[in-house]
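Trainee: Sharing target_28.tsv below, TSV, C-alpha atoms and all ligand atoms:
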```
chain	number	residue	atom	x	y	z
J	1	MET	CA	81.48	72.34	-74.29
J	2	ARG	CA	84.46	70.32	-73.03
J	3	SER	CA	83.92	66.94	-71.47
J	4	ILE	CA	84.35	66.72	-67.71
J	5	MET	CA	86.82	63.90	-68.36
J	6	THR	CA	89.39	66.26	-69.93
J	7	THR	CA	92.36	67.34	-67.85
J	8	SER	CA	91.82	70.39	-65.69
J	9	THR	CA	93.09	73.62	-67.08
J	10	ALA	CA	92.96	75.64	-63.87
J	11	GLN	CA	96.08	76.01	-61.76
J	12	ILE	CA	95.72	74.56	-58.30
J	13	LEU	CA	95.99	76.94	-55.36
J	14	ASP	CA	97.83	74.59	-53.04
J	15	GLY	CA	96.83	75.49	-49.49
J	16	LYS	CA	98.83	72.64	-48.02
J	17	ALA	CA	102.09	73.89	-49.54
J	18	LEU	CA	101.42	77.54	-48.65
J	19	ALA	CA	100.44	76.55	-45.12
J	20	ALA	CA	103.67	74.56	-44.72
J	21	ARG	CA	105.77	77.55	-45.83
J	22	MET	CA	103.90	79.95	-43.59
J	23	ARG	CA	104.04	77.60	-40.58
J	24	GLN	CA	107.82	77.42	-40.91
J	25	ASP	CA	108.06	81.23	-40.75
J	26	ILE	CA	105.56	81.40	-37.87
J	27	GLY	CA	107.60	78.76	-35.98
J	28	LEU	CA	110.86	80.68	-36.49
J	29	GLU	CA	109.31	83.91	-35.26
J	30	ALA	CA	107.77	82.15	-32.24
J	31	GLU	CA	111.14	80.61	-31.37
J	32	GLN	CA	113.04	83.92	-31.61
J	33	LEU	CA	110.46	85.69	-29.46
J	34	SER	CA	110.36	82.82	-26.94
J	35	GLN	CA	114.13	82.99	-26.51
J	36	LYS	CA	114.07	86.74	-26.12
J	37	HIS	CA	111.20	86.83	-23.63
J	38	GLY	CA	111.61	83.53	-21.78
J	39	ARG	CA	108.21	82.07	-22.59
J	40	LYS	CA	106.37	80.54	-25.52
J	41	PRO	CA	103.20	81.98	-27.03
J	42	GLY	CA	100.26	80.29	-25.26
J	43	LEU	CA	96.95	79.19	-26.79
J	44	ALA	CA	94.07	77.95	-24.62
J	45	VAL	CA	91.79	75.56	-26.51
J	46	ILE	CA	88.36	74.93	-25.00
J	47	LEU	CA	86.17	72.07	-26.20
J	48	VAL	CA	82.72	71.55	-24.67
J	49	GLY	CA	81.26	68.09	-25.32
J	50	ALA	CA	82.53	65.28	-27.53
J	51	ASP	CA	81.43	66.19	-31.06
J	52	PRO	CA	83.69	63.96	-33.24
J	53	ALA	CA	84.33	66.62	-35.93
J	54	SER	CA	85.22	69.19	-33.23
J	55	GLN	CA	87.59	66.69	-31.62
J	56	VAL	CA	89.39	66.27	-34.95
J	57	TYR	CA	89.70	70.06	-35.42
J	58	VAL	CA	90.93	70.58	-31.86
J	59	LYS	CA	93.54	67.84	-32.27
J	60	ALA	CA	94.78	69.41	-35.52
J	61	LYS	CA	95.03	72.82	-33.82
J	62	LYS	CA	97.00	71.38	-30.91
J	63	THR	CA	99.39	69.53	-33.25
J	64	GLY	CA	99.81	72.73	-35.31
J	65	CYS	CA	100.72	74.63	-32.12
J	66	GLU	CA	103.29	72.02	-31.02
J	67	LYS	CA	105.04	72.10	-34.39
J	68	ALA	CA	105.12	75.91	-34.42
J	69	GLY	CA	106.55	76.23	-30.90
J	70	ILE	CA	103.28	77.49	-29.41
J	71	ALA	CA	102.25	76.08	-26.01
J	72	SER	CA	98.66	74.81	-26.12
J	73	TYR	CA	96.57	74.38	-22.99
J	74	SER	CA	93.58	72.07	-23.37
J	75	HIS	CA	90.31	72.48	-21.53
J	76	GLU	CA	88.04	69.58	-22.41
J	77	LEU	CA	84.73	70.08	-20.64
J	78	PRO	CA	81.70	67.78	-20.47
J	79	ALA	CA	78.67	68.50	-22.68
J	80	ASN	CA	76.59	69.51	-19.62
J	81	THR	CA	79.00	72.31	-18.64
J	82	THR	CA	77.00	75.40	-17.69
J	83	GLN	CA	77.40	78.71	-19.50
J	84	GLN	CA	78.34	80.27	-16.16
J	85	HIS	CA	81.17	77.77	-15.66
J	86	LEU	CA	82.46	78.40	-19.18
J	87	LEU	CA	82.33	82.17	-18.65
J	88	GLY	CA	84.27	81.71	-15.38
J	89	LEU	CA	87.01	79.78	-17.21
J	90	ILE	CA	87.21	82.47	-19.92
J	91	THR	CA	87.56	85.18	-17.25
J	92	GLU	CA	90.47	83.23	-15.70
J	93	LEU	CA	92.15	82.78	-19.09
J	94	ASN	CA	91.63	86.46	-19.96
J	95	GLN	CA	93.68	87.28	-16.85
J	96	ASP	CA	96.31	84.56	-17.25
J	97	PRO	CA	99.59	86.16	-18.45
J	98	LYS	CA	100.87	82.97	-20.10
J	99	ILE	CA	97.79	82.82	-22.36
J	100	ASP	CA	97.92	84.92	-25.55
J	101	GLY	CA	95.02	83.32	-27.40
J	102	ILE	CA	91.72	81.76	-26.36
J	103	LEU	CA	89.78	79.53	-28.72
J	104	VAL	CA	86.37	78.07	-27.95
J	105	GLN	CA	85.68	75.34	-30.50
J	106	LEU	CA	82.28	75.90	-32.13
J	107	PRO	CA	79.59	74.72	-32.14
J	108	VAL	CA	78.99	74.74	-28.38
J	109	PRO	CA	76.03	72.72	-27.00
J	110	ALA	CA	72.60	74.33	-27.54
J	111	HIS	CA	72.17	75.46	-23.90
J	112	ILE	CA	75.21	77.77	-24.29
J	113	ASN	CA	74.90	81.06	-26.20
J	114	SER	CA	77.89	81.21	-28.54
J	115	GLU	CA	77.62	85.01	-28.97
J	116	THR	CA	77.81	85.55	-25.20
J	117	ILE	CA	80.87	83.28	-25.08
J	118	ILE	CA	82.65	85.00	-27.97
J	119	GLU	CA	82.00	88.45	-26.46
J	120	ALA	CA	83.42	87.31	-23.10
J	121	ILE	CA	86.85	86.66	-24.66
J	122	ASP	CA	89.35	89.53	-24.32
J	123	PRO	CA	89.48	90.93	-27.92
J	124	GLY	CA	93.29	90.95	-27.63
J	125	LYS	CA	93.17	87.16	-27.09
J	126	ASP	CA	90.44	86.47	-29.68
J	127	VAL	CA	92.71	84.56	-32.07
J	128	ASP	CA	89.71	83.20	-34.02
J	129	GLY	CA	88.88	86.82	-34.88
J	130	PHE	CA	85.17	86.30	-34.09
J	131	HIS	CA	84.70	89.03	-31.46
J	132	PRO	CA	82.56	92.00	-32.61
J	133	TYR	CA	85.50	94.27	-31.71
J	134	ASN	CA	87.76	92.49	-34.20
J	135	LEU	CA	85.04	92.35	-36.87
J	136	GLY	CA	84.45	96.06	-36.28
J	137	ARG	CA	88.15	96.81	-36.64
J	138	LEU	CA	88.13	95.02	-40.00
J	139	ALA	CA	84.98	96.92	-41.06
J	140	ALA	CA	86.66	100.21	-40.09
J	141	ARG	CA	89.72	99.34	-42.20
J	142	GLN	CA	91.97	98.95	-39.16
J	143	PRO	CA	92.24	95.17	-38.86
J	144	ALA	CA	93.52	93.75	-35.58
J	145	LEU	CA	93.01	89.97	-35.12
J	146	ARG	CA	91.38	88.78	-38.36
J	147	SER	CA	88.94	85.86	-38.77
J	148	CYS	CA	91.11	82.88	-39.66
J	149	THR	CA	89.27	81.35	-42.63
J	150	PRO	CA	88.77	84.60	-44.62
J	151	TYR	CA	92.32	85.67	-43.71
J	152	GLY	CA	93.59	82.33	-45.07
J	153	CYS	CA	91.50	82.80	-48.24
J	154	MET	CA	93.14	86.20	-48.76
J	155	LYS	CA	96.60	84.62	-48.49
J	156	LEU	CA	95.56	82.06	-51.13
J	157	ILE	CA	94.24	84.79	-53.46
J	158	GLU	CA	97.52	86.71	-52.97
J	159	GLU	CA	99.35	83.64	-54.34
J	160	THR	CA	97.77	84.28	-57.76
J	161	GLY	CA	99.45	87.69	-57.90
J	162	VAL	CA	96.20	89.29	-59.08
J	163	ASP	CA	95.51	92.96	-58.36
J	164	LEU	CA	92.21	92.94	-56.46
J	165	HIS	CA	91.34	96.58	-57.12
J	166	GLY	CA	88.00	96.72	-58.92
J	167	MET	CA	87.71	92.93	-59.24
J	168	GLU	CA	84.16	91.53	-59.19
J	169	CYS	CA	84.04	89.22	-56.18
J	170	VAL	CA	81.02	87.09	-55.33
J	171	ILE	CA	80.82	85.44	-51.94
J	172	VAL	CA	78.34	82.61	-51.55
J	173	GLY	CA	77.36	82.48	-47.88
J	174	ALA	CA	77.06	85.22	-45.30
J	175	SER	CA	77.92	83.62	-41.94
J	176	ASN	CA	79.65	85.57	-39.18
J	177	ILE	CA	82.73	83.36	-39.39
J	178	VAL	CA	83.25	83.12	-43.16
J	179	GLY	CA	81.04	85.08	-45.58
J	180	ARG	CA	80.75	88.41	-43.75
J	181	PRO	CA	84.41	88.85	-42.73
J	182	MET	CA	85.40	87.62	-46.23
J	183	ALA	CA	83.37	90.51	-47.69
J	184	LEU	CA	85.18	92.95	-45.40
J	185	GLU	CA	88.60	91.53	-46.36
J	186	LEU	CA	87.87	91.87	-50.08
J	187	LEU	CA	86.46	95.37	-49.65
J	188	LEU	CA	89.61	96.35	-47.75
J	189	ALA	CA	91.62	95.04	-50.71
J	190	GLY	CA	89.70	97.31	-53.11
J	191	ALA	CA	87.43	94.72	-54.73
J	192	THR	CA	83.77	95.16	-55.71
J	193	VAL	CA	81.94	92.74	-53.47
J	194	THR	CA	78.60	90.94	-53.74
J	195	VAL	CA	77.50	88.75	-50.84
J	196	THR	CA	74.88	86.11	-51.61
J	197	HIS	CA	73.01	84.04	-49.02
J	198	LYS	CA	70.06	81.69	-48.73
J	199	PHE	CA	67.55	84.45	-49.57
J	200	SER	CA	69.46	85.68	-52.63
J	201	ARG	CA	67.81	85.32	-56.03
J	202	GLY	CA	69.62	84.26	-59.18
J	203	LEU	CA	72.79	82.84	-57.65
J	204	GLN	CA	73.95	81.64	-61.07
J	205	SER	CA	73.82	85.15	-62.58
J	206	HIS	CA	75.93	86.50	-59.72
J	207	VAL	CA	78.53	83.74	-60.01
J	208	GLU	CA	78.67	84.07	-63.82
J	209	ARG	CA	80.03	87.63	-63.66
J	210	ALA	CA	82.53	86.98	-60.86
J	211	ASP	CA	86.29	87.33	-61.33
J	212	ILE	CA	86.63	85.71	-57.91
J	213	VAL	CA	84.15	83.30	-56.30
J	214	VAL	CA	84.37	82.41	-52.62
J	215	ALA	CA	82.03	79.48	-52.00
J	216	ALA	CA	81.03	79.11	-48.34
J	217	ALA	CA	77.40	78.00	-48.29
J	218	GLY	CA	77.98	74.55	-46.85
J	219	LYS	CA	76.08	72.97	-49.80
J	220	GLN	CA	77.92	70.23	-51.62
J	221	GLY	CA	78.41	70.95	-55.35
J	222	LEU	CA	76.18	74.07	-55.24
J	223	ILE	CA	78.43	75.99	-57.66
J	224	LYS	CA	78.27	74.42	-61.10
J	225	GLY	CA	81.24	74.36	-63.45
J	226	GLU	CA	79.40	76.03	-66.33
J	227	TRP	CA	78.63	79.06	-64.13
J	228	ILE	CA	82.33	79.91	-63.85
J	229	LYS	CA	83.59	82.83	-65.93
J	230	PRO	CA	86.68	81.88	-67.96
J	231	GLY	CA	89.79	82.90	-66.05
J	232	ALA	CA	88.08	83.24	-62.67
J	233	ILE	CA	89.67	82.45	-59.31
J	234	ILE	CA	87.68	79.93	-57.25
J	235	ILE	CA	88.09	79.62	-53.49
J	236	ASP	CA	86.10	76.69	-52.11
J	237	VAL	CA	85.59	76.93	-48.35
J	238	GLY	CA	82.95	74.19	-48.12
J	239	ILE	CA	83.81	70.86	-46.51
J	240	HIS	CA	81.62	67.78	-46.92
J	241	ARG	CA	82.49	64.23	-45.97
J	242	LEU	CA	81.25	61.64	-48.46
J	243	GLU	CA	80.15	58.12	-47.57
J	244	ASP	CA	83.52	56.69	-48.62
J	245	GLY	CA	85.22	59.04	-46.13
J	246	SER	CA	86.64	61.40	-48.77
J	247	LEU	CA	86.11	65.17	-48.63
J	248	THR	CA	84.56	67.50	-51.18
J	249	GLY	CA	83.48	71.15	-51.34
J	250	ASP	CA	80.72	73.52	-52.46
J	251	VAL	CA	82.12	73.74	-56.01
J	252	ALA	CA	81.86	71.05	-58.73
J	253	PHE	CA	85.66	70.89	-58.88
J	254	GLU	CA	86.33	69.01	-62.14
J	255	GLU	CA	83.88	71.03	-64.21
J	256	ALA	CA	84.84	74.35	-62.63
J	257	SER	CA	88.51	73.59	-63.35
J	258	GLN	CA	87.71	73.68	-67.09
J	259	ASN	CA	86.85	77.39	-66.90
J	260	ALA	CA	88.75	78.76	-63.91
J	261	ALA	CA	92.32	80.07	-64.00
J	262	TRP	CA	92.92	79.14	-60.35
J	263	ILE	CA	91.03	76.86	-57.99
J	264	THR	CA	91.47	75.53	-54.46
J	265	PRO	CA	91.06	71.77	-53.99
J	266	VAL	CA	89.11	70.19	-51.14
J	267	PRO	CA	90.92	68.87	-49.17
J	268	GLY	CA	94.23	70.74	-49.35
J	269	GLY	CA	92.98	74.25	-50.10
J	270	VAL	CA	91.36	76.52	-47.51
J	271	GLY	CA	91.38	73.97	-44.65
J	272	PRO	CA	95.14	73.96	-43.92
J	273	MET	CA	95.18	77.78	-44.18
J	274	THR	CA	92.55	78.25	-41.47
J	275	ILE	CA	94.71	76.60	-38.81
J	276	THR	CA	97.79	78.39	-40.13
J	277	MET	CA	96.12	81.77	-39.63
J	278	LEU	CA	95.13	80.73	-36.10
J	279	LEU	CA	98.83	80.12	-35.39
J	280	ALA	CA	99.73	83.45	-37.05
J	281	ASN	CA	97.11	85.26	-34.94
J	282	THR	CA	98.42	83.62	-31.75
J	283	VAL	CA	101.96	84.85	-32.48
J	284	GLN	CA	100.56	88.29	-33.37
J	285	ALA	CA	98.68	88.44	-30.03
J	286	PHE	CA	101.87	87.26	-28.25
J	287	LYS	CA	103.83	90.11	-29.85
J	288	THR	CA	101.20	92.63	-28.81
J	289	HIS	CA	101.23	91.30	-25.23
J	290	LEU	CA	105.04	91.52	-25.16
J	291	GLY	CA	104.95	95.09	-26.46
J	292	GLU	CA	106.77	94.01	-29.63
J	293	GLU	CA	104.26	95.81	-31.87
F	301	LIG	P1	76.78	78.51	-42.07
F	301	LIG	O1	75.79	77.42	-42.20
F	301	LIG	O2	76.92	79.24	-40.79
F	301	LIG	O3	76.47	79.60	-43.20
F	301	LIG	C1	76.11	79.23	-44.49
F	301	LIG	C2	75.77	80.47	-45.28
F	301	LIG	O4	75.44	80.06	-46.61
F	301	LIG	C3	74.54	81.23	-44.77
F	301	LIG	O5	74.81	82.61	-44.78
F	301	LIG	C4	73.41	80.89	-45.75
F	301	LIG	O6	72.50	81.95	-45.90
F	301	LIG	C5	74.22	80.67	-47.02
F	301	LIG	N1	73.55	79.79	-47.99
F	301	LIG	C6	72.92	78.62	-47.76
F	301	LIG	N2	72.40	78.15	-48.91
F	301	LIG	C7	72.73	79.03	-49.88
F	301	LIG	C8	72.45	79.10	-51.27
F	301	LIG	N3	71.77	78.14	-51.90
F	301	LIG	N4	72.93	80.16	-51.95
F	301	LIG	C9	73.64	81.13	-51.34
F	301	LIG	N5	73.93	81.10	-50.01
F	301	LIG	C10	73.47	80.07	-49.30
F	301	LIG	O7	78.16	77.87	-42.54
F	301	LIG	P2	79.69	78.36	-42.28
F	301	LIG	O8	80.06	78.07	-40.89
F	301	LIG	O9	79.90	79.71	-42.85
F	301	LIG	O10	80.44	77.27	-43.20
F	301	LIG	C11	80.18	77.16	-44.59
F	301	LIG	C12	80.94	75.96	-45.14
F	301	LIG	O11	82.33	76.19	-44.97
F	301	LIG	C13	80.66	74.63	-44.44
F	301	LIG	O12	80.75	73.59	-45.39
F	301	LIG	C14	81.78	74.52	-43.44
F	301	LIG	O13	82.08	73.17	-43.12
F	301	LIG	C15	82.91	75.15	-44.21
F	301	LIG	N6	83.97	75.75	-43.40
F	301	LIG	C16	85.24	75.44	-43.75
F	301	LIG	C17	86.30	76.02	-43.07
F	301	LIG	C18	87.68	75.67	-43.50
F	301	LIG	O14	88.62	75.91	-42.77
F	301	LIG	N7	87.86	75.13	-44.71
F	301	LIG	C19	86.06	76.91	-42.03
F	301	LIG	C20	84.75	77.24	-41.71
F	301	LIG	C21	83.70	76.66	-42.41
```
Starting from the coordinates I provided, produce the structure as structure tokens.
Mentor:
Amino acid sequence: MRSIMTTSTAQILDGKALAARMRQDIGLEAEQLSQKHGRKPGLAVILVGADPASQVYVKAKKTGCEKAGIASYSHELPANTTQQHLLGLITELNQDPKIDGILVQLPVPAHINSETIIEAIDPGKDVDGFHPYNLGRLAARQPALRSCTPYGCMKLIEETGVDLHGMECVIVGASNIVGRPMALELLLAGATVTVTHKFSRGLQSHVERADIVVAAAGKQGLIKGEWIKPGAIIIDVGIHRLEDGSLTGDVAFEEASQNAAWITPVPGGVGPMTITMLLANTVQAFKTHLGEE
């Protein structure tokens, strides 16, 4: 067995670089369409309460919009906002012609039902791709607005140039926003998909036979390096902040790099792609609203 101190052999799937390239293209398309139609794509960003992590995400989304020529409209509401008030705001935004995308930053405070909120968003403006309509479209092999994180993971996997048909893919985590839509994306691409979750038995044996592992359990270092099949592709969605302020993922990166062919770092892997796909979805919704596609 190689020492964990040896240099990594896996190639890095650089989400930061891919995101930068994609954001340039998204910005160019947004600019051309804005000139043609006399308005910019518009994204409404709703934040309820003052959760520090959510504030950081919302700020990054707003900055991403600005740089890509997308107008962002902020709605920062107090933590005691009622569900009824939030639903009223969503109804207004659904009807507002300058708004192409509506994003409600999750989690919302406990007195608000996030499913009710997501379902209230016009599916054509659901740029997070969380609405059951959009998940259903993906399940029925007719994707419309796709969930941003899994969509970003697919773009990263595409970078490897691998043919996904028949590949053994193991997803660790089955949430509505990552694991489940990730399974649908990989199925659509022709892969053989296993979804594991907190009730699954023998996680190691699933991971050991995977050509592609997507780790999204939210458990730091859950996926051990020695579980990784030689030549596998590892997509680490997990994000954990350590005491020294640095970030790490669900995969033991150094050890996994000894076996994998490709691996995403944390930070700089999936994270930058999630916001990029939000921008892509906003421009896609804009085009649909303008009758461009
Ligand atoms: P979640 O808590 O909603 O879901 C976690 C899933 O993991 C559940 O389905 C659970 O059953 C499963 N799970 C828990 N323990 C497990 C185990 N031991 N084995 C197998 N499955 C297990 O979390 P989420 O919202 O899907 O997020 C997951 C992680 O991804 C978090 O760390 C989150 O911060 C991160 N995340 C990152 C991005 C990004 O852009 N990089 C986006 C979304 C989420």
Trainee: Which polymer residues, whether protein, DNA or RNA, lie within 10 Å of the coordinate (92.9, 89.1, -26.9) when you count all atoms listed in the file? List them as a list in words, using the chain letters and numbers from the file.
Mentor: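 Nearby residues: Asn94, Ile99, Asp100, Gly101, Ile102, Ile121, Asp122, Pro123, Gly124, Lys125, Asp126, Val127, Asp128, Gly129, His131, Asn134, Ala144, Leu145, Asn281, Thr282, Ala285, Phe286, Thr288 and His289 of chain J.
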Trainee: Could you jot down the atom C11 of ligand LIG 301 (chain F) to atom CA of J:Gly42 separation for me, Å, one decimal place?
Mentor: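 These atoms are spaced 28.0 Å apart.
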Trainee: Which residues sit within 9 Å of ligand LIG 301 (chain F), counting only C-alpha atoms and all ligand atoms, listed as number ranges by chain?
Mentor: J: 148-150, 152, 171-180, 195-203, 215-220, 222-223, 236-240, 249-250, 266-267, 269-275
Trainee: I want to know what sits within 9 Å of J:Arg141, based on all atoms listed in the file, with residues of the same chain fewer than 5 positions away left out; could you give that as a ChimeraX atom specification?
Mentor: /J:136,184-185,188
Trainee: With C-alpha atoms kept, could you save the residues just selected as a PDB file, in the frame of the given file?
Mentor:
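Okay, this is what ended up in out-v2.pdb:
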```
ATOM      1  CA  GLY J 136      84.450  96.060 -36.280  1.00  0.00           C
ATOM      2  CA  LEU J 184      85.180  92.950 -45.400  1.00  0.00           C
ATOM      3  CA  GLU J 185      88.600  91.530 -46.360  1.00  0.00           C
ATOM      4  CA  LEU J 188      89.610  96.350 -47.750  1.00  0.00           C
TER       5      LEU J 188
END
```
Trainee: Looking at all atoms listed in the file, which of J:Met182, J:Gly190, J:Pro97, J:Met167 is the one that sits closest to J:Ala232?
Mentor: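 Under the stated criterion, the closest residue is J:Met167.
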Trainee: Rounded to one decimal in Å, what is the spacing between atom CA of J:Leu279 and atom CA of J:Arg21?
Mentor: 12.8 Å
Trainee: Which one of J:Arg137, J:Lys229, J:Lys155, J:Arg23 sits closest to J:Cys169 if you count all atoms listed in the file?
Mentor: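 Closest to J:Cys169, using all atoms listed in the file: J:Lys229.
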Trainee: Rounded to one decimal place, report the atom CA of J:Ile234-atom CA of J:Ile212 distance in Å.
Mentor: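 Atom CA of J:Ile212 lies 5.9 Å from atom CA of J:Ile234.
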Trainee: Rank nothing, just name the residue among J:Ile117, J:Arg146, J:Val207, J:Gly64 nearest to J:Ala20, using all atoms listed in the file.
Mentor: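 When distances to J:Ala20 are compared using all atoms listed in the file, the smallest one comes from J:Gly64.
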